[in-house]
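Colleague: Next up is a structure, given as structure tokens.
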Amino acid sequence: MEEKLSYRNTVRLFAGEKCFGPGVAELLRRVRELHSLRAAAMSMNMAYSKAWTVLRTAQEGLGVKLMKVTSAPTGGRNGGGATLTAEGERLLAAYEDYCAKLTAYGETLFAETFAFYDTLTEEKPE
């Protein structure tokens, strides 16, 4: 059975070097949901130390703090938790909005650009 032709776009933000992309966005979504960087990392099968590295790299590249550690009793060995900063929420929302718009446009452009492909596969000799 032949697979249908498809495409994949991945949005990555650069400030000199790569600093934000789908992985960081997913980590932030899970921090928002789980109120814990450790729980977010575990839910992604990621080491806690790796999650901190990813977060620090993003924050350094962007020049803004994306997450804050709280003293709420929702996680951590000493009862700490985590929430997104206002900047983190705003950046994540903007990233998701941009990705959604790019996907919508990409689907239209892909259909227009590769519309001929279906006729090629119909004419293919066996």
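How things are named: the first chain in the structure tokens is A, the next is B, and so on; residues count from 1 in each chain; ligands count from 1 in the order shown.
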What parts of region 12-88 of chain A does DSSP call strand (DSSP E)? I'd like the answer as a PDB file with N, CA, C and O atoms, in the first residue's frame.

Modeller:
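After the write, result.pdb holds the following:
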```pdb
ATOM      1  N   LEU A  13      12.744  28.741  17.052  1.00  0.00           N
ATOM      2  CA  LEU A  13      13.115  30.144  17.173  1.00  0.00           C
ATOM      3  C   LEU A  13      14.606  30.242  17.478  1.00  0.00           C
ATOM      4  O   LEU A  13      15.142  29.455  18.254  1.00  0.00           O
ATOM      5  N   PHE A  14      15.242  31.221  16.868  1.00  0.00           N
ATOM      6  CA  PHE A  14      16.673  31.432  17.032  1.00  0.00           C
ATOM      7  C   PHE A  14      16.931  32.845  17.533  1.00  0.00           C
ATOM      8  O   PHE A  14      16.310  33.790  17.066  1.00  0.00           O
ATOM      9  N   ALA A  15      17.831  32.977  18.462  1.00  0.00           N
ATOM     10  CA  ALA A  15      18.367  34.268  18.887  1.00  0.00           C
ATOM     11  C   ALA A  15      19.878  34.057  18.870  1.00  0.00           C
ATOM     12  O   ALA A  15      20.498  33.817  19.900  1.00  0.00           O
ATOM     13  N   GLU A  17      21.494  31.405  18.340  1.00  0.00           N
ATOM     14  CA  GLU A  17      21.416  29.947  18.289  1.00  0.00           C
ATOM     15  C   GLU A  17      19.989  29.516  18.581  1.00  0.00           C
ATOM     16  O   GLU A  17      19.185  30.298  19.081  1.00  0.00           O
ATOM     17  N   LYS A  18      19.691  28.256  18.293  1.00  0.00           N
ATOM     18  CA  LYS A  18      18.352  27.727  18.556  1.00  0.00           C
ATOM     19  C   LYS A  18      18.051  27.859  20.050  1.00  0.00           C
ATOM     20  O   LYS A  18      18.855  27.461  20.887  1.00  0.00           O
ATOM     21  N   CYS A  19      16.894  28.442  20.366  1.00  0.00           N
ATOM     22  CA  CYS A  19      16.572  28.617  21.780  1.00  0.00           C
ATOM     23  C   CYS A  19      15.151  28.184  22.132  1.00  0.00           C
ATOM     24  O   CYS A  19      14.827  28.074  23.312  1.00  0.00           O
ATOM     25  N   PHE A  20      14.298  27.944  21.149  1.00  0.00           N
ATOM     26  CA  PHE A  20      12.922  27.568  21.455  1.00  0.00           C
ATOM     27  C   PHE A  20      12.355  26.784  20.293  1.00  0.00           C
ATOM     28  O   PHE A  20      12.529  27.160  19.146  1.00  0.00           O
ATOM     29  N   MET A  67       9.973  30.373  33.539  1.00  0.00           N
ATOM     30  CA  MET A  67       9.367  29.606  34.620  1.00  0.00           C
ATOM     31  C   MET A  67       9.864  30.160  35.941  1.00  0.00           C
ATOM     32  O   MET A  67      10.985  30.645  36.032  1.00  0.00           O
ATOM     33  N   LYS A  68       8.999  30.086  36.951  1.00  0.00           N
ATOM     34  CA  LYS A  68       9.442  30.466  38.286  1.00  0.00           C
ATOM     35  C   LYS A  68       9.142  29.324  39.242  1.00  0.00           C
ATOM     36  O   LYS A  68       8.148  28.609  39.104  1.00  0.00           O
ATOM     37  N   VAL A  69      10.049  29.146  40.177  1.00  0.00           N
ATOM     38  CA  VAL A  69       9.886  28.123  41.201  1.00  0.00           C
ATOM     39  C   VAL A  69       9.105  28.762  42.336  1.00  0.00           C
ATOM     40  O   VAL A  69       9.390  29.880  42.749  1.00  0.00           O
ATOM     41  N   THR A  70       8.105  28.047  42.814  1.00  0.00           N
ATOM     42  CA  THR A  70       7.270  28.564  43.891  1.00  0.00           C
ATOM     43  C   THR A  70       7.491  27.739  45.148  1.00  0.00           C
ATOM     44  O   THR A  70       8.056  26.659  45.106  1.00  0.00           O
ATOM     45  N   GLY A  81       7.216  24.007  43.822  1.00  0.00           N
ATOM     46  CA  GLY A  81       6.459  23.780  42.599  1.00  0.00           C
ATOM     47  C   GLY A  81       6.980  24.718  41.534  1.00  0.00           C
ATOM     48  O   GLY A  81       7.959  25.428  41.741  1.00  0.00           O
ATOM     49  N   ALA A  82       6.345  24.741  40.404  1.00  0.00           N
ATOM     50  CA  ALA A  82       6.775  25.614  39.318  1.00  0.00           C
ATOM     51  C   ALA A  82       5.567  26.115  38.546  1.00  0.00           C
ATOM     52  O   ALA A  82       4.577  25.403  38.395  1.00  0.00           O
ATOM     53  N   THR A  83       5.667  27.345  38.090  1.00  0.00           N
ATOM     54  CA  THR A  83       4.647  27.940  37.234  1.00  0.00           C
ATOM     55  C   THR A  83       5.354  28.713  36.130  1.00  0.00           C
ATOM     56  O   THR A  83       6.532  29.062  36.266  1.00  0.00           O
ATOM     57  N   LEU A  84       4.648  28.981  35.071  1.00  0.00           N
ATOM     58  CA  LEU A  84       5.209  29.800  34.003  1.00  0.00           C
ATOM     59  C   LEU A  84       5.116  31.262  34.414  1.00  0.00           C
ATOM     60  O   LEU A  84       4.157  31.672  35.067  1.00  0.00           O
TER      61      LEU A  84
END
```

Colleague: If you count only C-alpha atoms, which residues fall within 12 Å of Leu34 (chain A), apart from same-chain ones fewer than 4 positions away, as a count of residues only?

Modeller: 19

Colleague: Quick one: pick out all helix (DSSP H, G or I) residues within chain A from a backbone DSSP run and write them as JSON, numbers by chain.

Modeller: {"A": [22, 23, 24, 25, 26, 27, 28, 29, 30, 31, 32, 33, 34, 37, 38, 39, 40, 41, 42, 43, 48, 49, 50, 51, 52, 53, 54, 55, 56, 57, 58, 59, 60, 61, 62, 86, 87, 88, 89, 90, 91, 92, 93, 94, 95, 96, 97, 98, 99, 100, 101, 102, 103, 104, 105, 106, 107, 108, 109, 110, 111, 112, 113, 117, 118, 119, 120, 121, 122, 123]}

Colleague: How many Å lie between CA of Arg8 (chain A) and CA of Ala25 (chain A), rounded to one decimal?

Modeller: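 According to the coordinates, CA of Arg8 (chain A) and CA of Ala25 (chain A) are separated by 17.2 Å.
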
Colleague: Rounded to one decimal in Å, what is the spacing between CA of Tyr98 (chain A) and CA of Gly61 (chain A)?

Modeller: 19.1 Å

Colleague: How many Å lie between CA of Ala86 (chain A) and CA of Leu62 (chain A), rounded to one decimal?

Modeller: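 So the answer is 14.0 Å.
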
Colleague: I'd like to know which of A:Glu89, A:Leu5, A:Pro22, A:Trp52 is closest to Asp118 (chain A), using only C-alpha atoms.

Modeller: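 Answer, going by the shortest atom-to-atom distance: A:Leu5.
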
Colleague: What lies within 9 Å of Val64 (chain A) using only C-alpha atoms, ignoring chain neighbours under 3 positions off, as a list in words?

Modeller: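 That gives Ala58, Gln59, Glu60, Gly61, Glu87 and Gly88 of chain A.
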